[in-house]
Structures are given as structure tokens and as C-alpha cells.
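Asker: Have a peek at input-v8.cif (mmCIF, N, CA and C atoms).
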```
data_final
#
loop_
_atom_site.label_atom_id
_atom_site.label_comp_id
_atom_site.auth_asym_id
_atom_site.auth_seq_id
_atom_site.Cartn_x
_atom_site.Cartn_y
_atom_site.Cartn_z
N MET A 13 162.16 118.05 101.51
CA MET A 13 160.80 118.44 101.86
C MET A 13 160.31 117.58 103.02
N ILE A 14 159.59 118.20 103.94
CA ILE A 14 159.00 117.50 105.07
C ILE A 14 157.72 116.84 104.60
N ILE A 15 157.55 115.57 104.91
CA ILE A 15 156.37 114.81 104.49
C ILE A 15 155.46 114.59 105.70
N ALA A 16 154.17 114.87 105.54
CA ALA A 16 153.19 114.67 106.61
C ALA A 16 153.09 113.20 106.96
N ASN A 17 152.91 112.93 108.24
CA ASN A 17 152.86 111.56 108.73
C ASN A 17 151.60 111.39 109.58
N MET A 18 150.68 110.58 109.13
CA MET A 18 149.42 110.34 109.85
C MET A 18 149.65 109.69 111.21
N GLU A 19 150.82 109.11 111.41
CA GLU A 19 151.10 108.40 112.66
C GLU A 19 151.22 109.34 113.86
N ILE A 20 151.27 110.65 113.64
CA ILE A 20 151.31 111.57 114.79
C ILE A 20 149.95 111.64 115.48
N LEU A 21 148.89 111.27 114.78
CA LEU A 21 147.53 111.35 115.34
C LEU A 21 147.25 110.15 116.22
N THR A 22 146.75 110.41 117.42
CA THR A 22 146.43 109.33 118.35
C THR A 22 145.13 108.64 117.94
N LYS A 23 144.92 107.46 118.49
CA LYS A 23 143.68 106.72 118.23
C LYS A 23 142.47 107.52 118.73
N GLU A 24 142.64 108.23 119.83
CA GLU A 24 141.56 109.04 120.38
C GLU A 24 141.15 110.14 119.39
N VAL A 25 142.12 110.79 118.76
CA VAL A 25 141.83 111.82 117.76
C VAL A 25 141.12 111.20 116.56
N LEU A 26 141.63 110.08 116.07
CA LEU A 26 141.01 109.43 114.91
C LEU A 26 139.59 108.96 115.22
N ASP A 27 139.37 108.46 116.44
CA ASP A 27 138.02 108.05 116.84
C ASP A 27 137.07 109.24 116.91
N LYS A 28 137.55 110.38 117.42
CA LYS A 28 136.72 111.59 117.50
C LYS A 28 136.40 112.09 116.09
N CYS A 29 137.37 111.99 115.18
CA CYS A 29 137.11 112.36 113.78
C CYS A 29 135.99 111.50 113.20
N THR A 30 136.07 110.21 113.44
CA THR A 30 135.06 109.29 112.93
C THR A 30 133.68 109.63 113.50
N SER A 31 133.62 109.94 114.79
CA SER A 31 132.32 110.24 115.41
C SER A 31 131.73 111.55 114.87
N ARG A 32 132.55 112.46 114.40
CA ARG A 32 132.09 113.73 113.83
C ARG A 32 131.97 113.67 112.31
N ASN A 33 132.24 112.49 111.73
CA ASN A 33 132.22 112.30 110.28
C ASN A 33 133.23 113.20 109.57
N VAL A 34 134.41 113.31 110.19
CA VAL A 34 135.51 114.09 109.64
C VAL A 34 136.58 113.11 109.16
N GLU A 35 137.00 113.27 107.92
CA GLU A 35 138.02 112.40 107.34
C GLU A 35 139.38 113.09 107.42
N ALA A 36 140.38 112.36 107.92
CA ALA A 36 141.75 112.87 107.98
C ALA A 36 142.56 112.16 106.91
N TYR A 37 143.34 112.92 106.12
CA TYR A 37 144.14 112.34 105.05
C TYR A 37 145.30 113.27 104.72
N THR A 38 146.37 112.71 104.19
CA THR A 38 147.51 113.53 103.78
C THR A 38 147.29 114.04 102.37
N LEU A 39 147.74 115.25 102.13
CA LEU A 39 147.68 115.81 100.78
C LEU A 39 148.88 115.32 99.99
N LYS A 40 148.80 115.41 98.70
CA LYS A 40 149.85 114.91 97.82
C LYS A 40 150.56 116.05 97.10
N ASN A 41 151.62 115.71 96.42
CA ASN A 41 152.40 116.62 95.57
C ASN A 41 152.92 117.83 96.33
N SER A 42 152.59 119.02 95.91
CA SER A 42 153.20 120.22 96.47
C SER A 42 152.79 120.50 97.92
N LYS A 43 151.70 119.93 98.40
CA LYS A 43 151.26 120.12 99.78
C LYS A 43 151.41 118.82 100.58
N ALA A 44 152.41 118.02 100.25
CA ALA A 44 152.59 116.73 100.91
C ALA A 44 152.99 116.86 102.37
N ASN A 45 153.24 118.07 102.83
CA ASN A 45 153.58 118.28 104.24
C ASN A 45 152.33 118.61 105.08
N THR A 46 151.14 118.27 104.58
CA THR A 46 149.89 118.67 105.23
C THR A 46 148.95 117.49 105.43
N ILE A 47 148.34 117.43 106.62
CA ILE A 47 147.22 116.52 106.90
C ILE A 47 145.97 117.38 106.88
N ALA A 48 145.01 117.01 106.05
CA ALA A 48 143.74 117.75 105.94
C ALA A 48 142.65 116.99 106.69
N PHE A 49 141.70 117.74 107.23
CA PHE A 49 140.54 117.19 107.92
C PHE A 49 139.32 117.76 107.22
N SER A 50 138.54 116.90 106.57
CA SER A 50 137.41 117.37 105.74
C SER A 50 136.12 116.63 106.07
N THR A 51 135.01 117.30 105.75
CA THR A 51 133.68 116.70 105.87
C THR A 51 133.02 116.73 104.49
N ASN A 52 131.84 116.14 104.43
CA ASN A 52 131.04 116.12 103.20
C ASN A 52 131.84 115.58 102.01
N ASN A 53 132.43 114.42 102.20
CA ASN A 53 133.21 113.77 101.13
C ASN A 53 134.29 114.67 100.55
N ARG A 54 135.03 115.32 101.45
CA ARG A 54 136.16 116.18 101.11
C ARG A 54 135.77 117.49 100.44
N ARG A 55 134.52 117.85 100.50
CA ARG A 55 134.09 119.13 99.91
C ARG A 55 134.41 120.31 100.79
N ARG A 56 134.39 120.11 102.12
CA ARG A 56 134.63 121.22 103.03
C ARG A 56 135.81 120.89 103.93
N ARG A 57 136.88 121.66 103.79
CA ARG A 57 138.07 121.47 104.63
C ARG A 57 137.82 122.12 105.97
N GLU A 58 137.75 121.32 107.02
CA GLU A 58 137.52 121.85 108.37
C GLU A 58 138.77 122.56 108.89
N PHE A 59 139.90 121.87 108.83
CA PHE A 59 141.17 122.44 109.27
C PHE A 59 142.28 121.57 108.73
N GLU A 60 143.53 122.00 108.96
CA GLU A 60 144.67 121.23 108.48
C GLU A 60 145.85 121.39 109.42
N ILE A 61 146.74 120.41 109.41
CA ILE A 61 147.99 120.46 110.14
C ILE A 61 149.10 120.51 109.10
N THR A 62 149.95 121.53 109.19
CA THR A 62 151.10 121.64 108.29
C THR A 62 152.36 121.33 109.08
N PHE A 63 153.18 120.45 108.56
CA PHE A 63 154.44 120.07 109.18
C PHE A 63 155.49 121.11 108.79
N LEU A 64 156.05 121.78 109.78
CA LEU A 64 157.06 122.82 109.55
C LEU A 64 158.45 122.30 109.91
N LYS A 65 159.47 123.12 109.71
CA LYS A 65 160.83 122.75 110.08
C LYS A 65 160.96 122.64 111.60
N ASP A 66 161.99 121.97 112.03
CA ASP A 66 162.34 121.85 113.45
C ASP A 66 161.24 121.20 114.28
N ALA A 67 160.55 120.22 113.72
CA ALA A 67 159.51 119.46 114.42
C ALA A 67 158.43 120.37 115.00
N CYS A 68 158.04 121.38 114.25
CA CYS A 68 156.93 122.26 114.63
C CYS A 68 155.75 121.99 113.70
N TYR A 69 154.57 122.40 114.16
CA TYR A 69 153.34 122.15 113.42
C TYR A 69 152.48 123.40 113.44
N ARG A 70 151.73 123.62 112.35
CA ARG A 70 150.78 124.72 112.28
C ARG A 70 149.40 124.14 112.02
N VAL A 71 148.46 124.45 112.89
CA VAL A 71 147.07 124.06 112.69
C VAL A 71 146.36 125.30 112.16
N SER A 72 145.63 125.16 111.04
CA SER A 72 144.97 126.29 110.38
C SER A 72 143.51 125.96 110.07
N THR A 73 142.66 126.99 110.11
CA THR A 73 141.25 126.85 109.77
C THR A 73 140.70 128.20 109.33
N ARG A 74 139.52 128.17 108.72
CA ARG A 74 138.80 129.39 108.38
C ARG A 74 137.58 129.57 109.29
N PHE A 75 137.23 128.56 110.07
CA PHE A 75 135.97 128.56 110.79
C PHE A 75 136.08 129.18 112.18
N LEU A 76 135.11 130.04 112.50
CA LEU A 76 135.13 130.78 113.76
C LEU A 76 135.00 129.90 115.00
N GLY A 77 134.27 128.80 114.90
CA GLY A 77 134.14 127.89 116.05
C GLY A 77 135.49 127.34 116.47
N TYR A 78 136.30 126.95 115.52
CA TYR A 78 137.63 126.45 115.82
C TYR A 78 138.54 127.57 116.30
N LYS A 79 138.34 128.78 115.76
CA LYS A 79 139.17 129.92 116.15
C LYS A 79 139.12 130.14 117.65
N SER A 80 137.94 130.11 118.23
CA SER A 80 137.81 130.37 119.66
C SER A 80 138.57 129.33 120.49
N VAL A 81 138.56 128.08 120.05
CA VAL A 81 139.29 127.02 120.75
C VAL A 81 140.79 127.23 120.58
N MET A 82 141.22 127.54 119.38
CA MET A 82 142.65 127.73 119.09
C MET A 82 143.23 128.91 119.86
N ALA A 83 142.46 129.99 119.98
CA ALA A 83 142.95 131.19 120.67
C ALA A 83 143.17 130.93 122.15
N LYS A 84 142.40 130.02 122.75
CA LYS A 84 142.53 129.71 124.17
C LYS A 84 143.62 128.68 124.46
N GLY A 85 144.05 127.94 123.45
CA GLY A 85 144.98 126.84 123.65
C GLY A 85 146.43 127.28 123.75
N ASP A 86 147.30 126.28 123.81
CA ASP A 86 148.73 126.52 123.85
C ASP A 86 149.22 126.94 122.46
N GLY A 87 150.38 127.49 122.41
CA GLY A 87 150.99 127.83 121.14
C GLY A 87 150.76 129.27 120.74
N GLU A 88 151.41 129.64 119.65
CA GLU A 88 151.37 131.00 119.12
C GLU A 88 150.19 131.13 118.16
N PHE A 89 149.15 131.86 118.56
CA PHE A 89 147.95 132.06 117.75
C PHE A 89 148.10 133.33 116.92
N PHE A 90 147.74 133.27 115.63
CA PHE A 90 147.76 134.47 114.79
C PHE A 90 146.74 134.34 113.67
N VAL A 91 146.38 135.49 113.11
CA VAL A 91 145.37 135.58 112.05
C VAL A 91 146.05 136.16 110.82
N ASP A 92 145.75 135.59 109.64
CA ASP A 92 146.21 136.17 108.39
C ASP A 92 145.10 136.04 107.35
N ASN A 93 145.36 136.47 106.15
CA ASN A 93 144.37 136.40 105.08
C ASN A 93 144.48 135.07 104.35
N ASP A 94 143.34 134.50 104.02
CA ASP A 94 143.30 133.28 103.24
C ASP A 94 143.86 133.58 101.84
N PRO A 95 144.47 132.61 101.18
CA PRO A 95 145.04 132.87 99.85
C PRO A 95 144.05 133.42 98.83
N ASP A 96 142.75 133.12 98.98
CA ASP A 96 141.78 133.65 98.02
C ASP A 96 141.49 135.13 98.24
N GLY A 97 141.95 135.69 99.37
CA GLY A 97 141.80 137.11 99.63
C GLY A 97 140.43 137.55 100.13
N ARG A 98 139.51 136.61 100.30
CA ARG A 98 138.15 136.98 100.73
C ARG A 98 137.90 136.72 102.21
N ARG A 99 138.65 135.79 102.78
CA ARG A 99 138.36 135.36 104.15
C ARG A 99 139.60 135.49 105.03
N LYS A 100 139.37 135.42 106.34
CA LYS A 100 140.45 135.36 107.32
C LYS A 100 140.80 133.90 107.57
N LYS A 101 142.06 133.66 107.90
CA LYS A 101 142.55 132.32 108.22
C LYS A 101 143.16 132.38 109.61
N PHE A 102 142.82 131.42 110.45
CA PHE A 102 143.26 131.38 111.84
C PHE A 102 144.27 130.26 112.00
N ASN A 103 145.38 130.56 112.68
CA ASN A 103 146.50 129.63 112.78
C ASN A 103 147.02 129.57 114.21
N VAL A 104 147.59 128.44 114.56
CA VAL A 104 148.33 128.31 115.81
C VAL A 104 149.55 127.44 115.53
N ASN A 105 150.71 127.88 115.98
CA ASN A 105 151.94 127.10 115.86
C ASN A 105 152.18 126.34 117.15
N LEU A 106 152.48 125.06 117.03
CA LEU A 106 152.72 124.19 118.18
C LEU A 106 154.05 123.48 118.00
N ASP A 107 154.67 123.10 119.12
CA ASP A 107 156.00 122.48 119.00
C ASP A 107 156.08 121.04 119.47
N THR A 108 154.95 120.42 119.84
CA THR A 108 154.98 119.00 120.20
C THR A 108 153.77 118.27 119.61
N VAL A 109 153.95 116.98 119.39
CA VAL A 109 152.87 116.13 118.89
C VAL A 109 151.73 116.07 119.91
N GLY A 110 152.08 116.01 121.18
CA GLY A 110 151.07 115.98 122.24
C GLY A 110 150.19 117.22 122.21
N ALA A 111 150.78 118.38 122.00
CA ALA A 111 150.02 119.63 121.93
C ALA A 111 149.09 119.63 120.71
N VAL A 112 149.56 119.07 119.60
CA VAL A 112 148.72 118.99 118.39
C VAL A 112 147.51 118.11 118.66
N ASN A 113 147.73 116.92 119.22
CA ASN A 113 146.61 116.02 119.49
C ASN A 113 145.62 116.61 120.49
N LYS A 114 146.13 117.27 121.53
CA LYS A 114 145.27 117.91 122.53
C LYS A 114 144.41 118.99 121.87
N LEU A 115 145.02 119.81 121.03
CA LEU A 115 144.28 120.88 120.36
C LEU A 115 143.22 120.32 119.42
N ILE A 116 143.58 119.32 118.62
CA ILE A 116 142.62 118.73 117.67
C ILE A 116 141.43 118.14 118.42
N LEU A 117 141.69 117.42 119.51
CA LEU A 117 140.58 116.87 120.30
C LEU A 117 139.68 117.98 120.82
N ASP A 118 140.29 119.03 121.35
CA ASP A 118 139.51 120.15 121.88
C ASP A 118 138.72 120.83 120.77
N MET A 119 139.32 120.99 119.60
CA MET A 119 138.62 121.61 118.47
C MET A 119 137.41 120.78 118.07
N LEU A 120 137.57 119.46 117.99
CA LEU A 120 136.46 118.60 117.59
C LEU A 120 135.37 118.54 118.67
N GLU A 121 135.77 118.64 119.93
CA GLU A 121 134.81 118.63 121.04
C GLU A 121 134.03 119.94 121.14
N ASN A 122 134.75 121.07 121.07
CA ASN A 122 134.16 122.35 121.43
C ASN A 122 134.01 123.35 120.28
N GLY A 123 134.60 123.07 119.12
CA GLY A 123 134.54 124.02 118.03
C GLY A 123 133.81 123.54 116.79
N PHE A 124 133.50 122.25 116.73
CA PHE A 124 132.86 121.67 115.55
C PHE A 124 131.43 122.18 115.41
N SER A 125 131.05 122.48 114.17
CA SER A 125 129.67 122.91 113.89
C SER A 125 129.24 122.32 112.55
N GLU A 126 128.00 121.89 112.49
CA GLU A 126 127.45 121.39 111.22
C GLU A 126 127.31 122.52 110.20
N THR A 127 127.14 123.73 110.69
CA THR A 127 127.00 124.91 109.82
C THR A 127 128.01 125.97 110.27
N PRO A 128 129.26 125.82 109.90
CA PRO A 128 130.30 126.73 110.39
C PRO A 128 130.23 128.12 109.75
N ASP A 129 130.73 129.09 110.49
CA ASP A 129 130.80 130.47 110.01
C ASP A 129 132.26 130.82 109.72
N VAL A 130 132.46 131.71 108.74
CA VAL A 130 133.79 132.21 108.43
C VAL A 130 133.78 133.72 108.61
N GLN A 131 134.96 134.31 108.75
CA GLN A 131 135.08 135.75 108.86
C GLN A 131 135.60 136.30 107.53
N TYR A 132 134.80 137.15 106.91
CA TYR A 132 135.20 137.74 105.65
C TYR A 132 136.02 138.99 105.88
N GLN A 133 136.79 139.39 104.87
CA GLN A 133 137.66 140.57 104.95
C GLN A 133 136.89 141.81 105.27
#
```
I need this file expressed as C-alpha cells, please.
Answerer:
Amino acid sequence: MIIANMEILTKEVLDKCTSRNVEAYTLKNSKANTIAFSTNNRRRREFEITFLKDACYRVSTRFLGYKSVMAKGDGEFFVDNDPDGRRKKFNVNLDTVGAVNKLILDMLENGFSETPDVQYQ
């Protein structure tokens, strides 16, 4: 199993998270290949990075503000249904750590919202 590693995140990304009051942490057990980014004391998951095979990464979110940033960025952007079946989930696959950090910074700069919107089915 691929294990998520917080060391891929640059100091600049971590500082931007702190300034937006977003906590970055690795998930445990069955989702140990994921770094989650949450606000409100982990009540609201802003987005996540999933570590895939072959040194690839998937950044995923439900929020429309981040969607617009992700769709303009590098990588393969696609939309699927959230596991709960009520909402849409927005994803982008990236193949370098640099691309992941660049996207996360851009998402926090241009897509963050105190009151985010989601797209329902």
C-alpha cells in the first residue's frame, strides 16, 4: 500500500494553509494514502490529495470554487459522483510533486471560500 507523506508539501503551501486556517493531515488505516485539508476543526474537508501508483497524485474536492481553479490547471481534470451519491466530486490527476504544490497554492489563493458551494446531482 502507498502511504501518504506530508513531506511532499512545501513550506509555502503549509504557510498558506495556516493563513487560511486549513489543517493538513494524513488519514489513517484504510485511507492512509491520503492527505486531507480541513477547516472548522476537521468538520469540513476542503480537499484531499490521494497518492496513486507510479508517483501520481489525485487532488479531489466537492467545492465549486476549487473546481474552477482545478479545471484551469495542469493535469487531467474530471468529474464523478461523490460516494454518498448526492453531490459531484471534482478531481485532477497530476504526475509531479511540483504540480501538486502549485495547484494547492493556486486553490488556496483563488478558490478558497468561507462559505463554499457544492454541486448536487
Asker: List the residues matched by the PyMOL selection byres (((chain A and resi 113 and name CA) around 9) and name CA) in the displayed structure as a list in words, ordered by chain and then by residue number.
Answerer: Ile20, Leu21, Thr22, Glu24, Val25, Thr108, Val109, Gly110, Ala111, Val112, Lys114, Leu115, Ile116, Leu117 and Asp118 of chain A
Asker: To one decimal place, how far is CA of Leu26 (chain A) from atom C of Phe90 (chain A) in Å?
Answerer: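 Atom-to-atom, CA of Leu26 (chain A) and atom C of Phe90 (chain A) are spaced 25.6 Å apart.
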Asker: Pull out every residue that the PyMOL selection byres (((chain A and resi 129 and name CA) around 7) and name CA) matches in the shown coordinates and put them as a PyMOL selection string.
Answerer: chain A and resi 75-76+127-128+130-131
Asker: What is the distance, in Å and to one decimal place, between atom C of Glu121 (chain A) and CA of Asn45 (chain A)?
Answerer: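 Answer for the atom C of Glu121 (chain A) to CA of Asn45 (chain A) separation: 25.9 Å.
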Asker: Translate the PyMOL selection byres (((chain A and resi 42 and name CA) around 12) and name CA) into a concrete residue list for this structure, as a list in words.
Answerer: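 Checked against the file, the PyMOL selection byres (((chain A and resi 42 and name CA) around 12) and name CA) matches Met13, Ile14, Ile15, Ala16, Thr38, Leu39, Lys40, Asn41, Lys43, Ala44, Asn45 and Thr46 of chain A.
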Asker: Which residues are near Phe89 (chain A)? Cut-off 7 Å, only C-alpha atoms, ignore same chain within fewer than 5 positions. Put them as JSON, numbers by chain.
Answerer: {"A": [82, 83, 103, 104, 105]}
Asker: In Å, how far is it from atom N of Lys65 (chain A) to CA of Glu35 (chain A)?
Answerer: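 CA of Glu35 (chain A) lies at a distance of 24.1 Å from atom N of Lys65 (chain A).
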Asker: Using all atoms listed in the file, find the one residue out of A:Asp92, A:Ser125, A:Val34, A:Asn17 that sits nearest to Ile47 (chain A).
Answerer: A:Asn17
Asker: Which one is closest to Asp107 (chain A): A:Tyr37, A:Tyr69, A:Phe49, A:Tyr132? Count all atoms listed in the file.
Answerer: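 Smallest separation from Asp107 (chain A) among the options: A:Tyr69.
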Asker: Go through chain A and collect every residue that DSSP, computed from the backbone, puts in strand (DSSP E or B); the answer should be as a ChimeraX atom specification.
Answerer: /A:35-38,46-51,56-63,69-73,75,88-93,99-106,130,132
Asker: Which residues in chain A does DSSP call helix (DSSP H, G or I)? List them as a ChimeraX atom specification.
Answerer: /A:18-20,23-31,41-43,76-84,109-122
Asker: Using only C-alpha atoms, list the residues that have an atom at most 6 Å from (137.5, 125.8, 118.2), coordinates as in the file, as a ChimeraX atom specification.
Answerer: /A:77-82,119,122-123
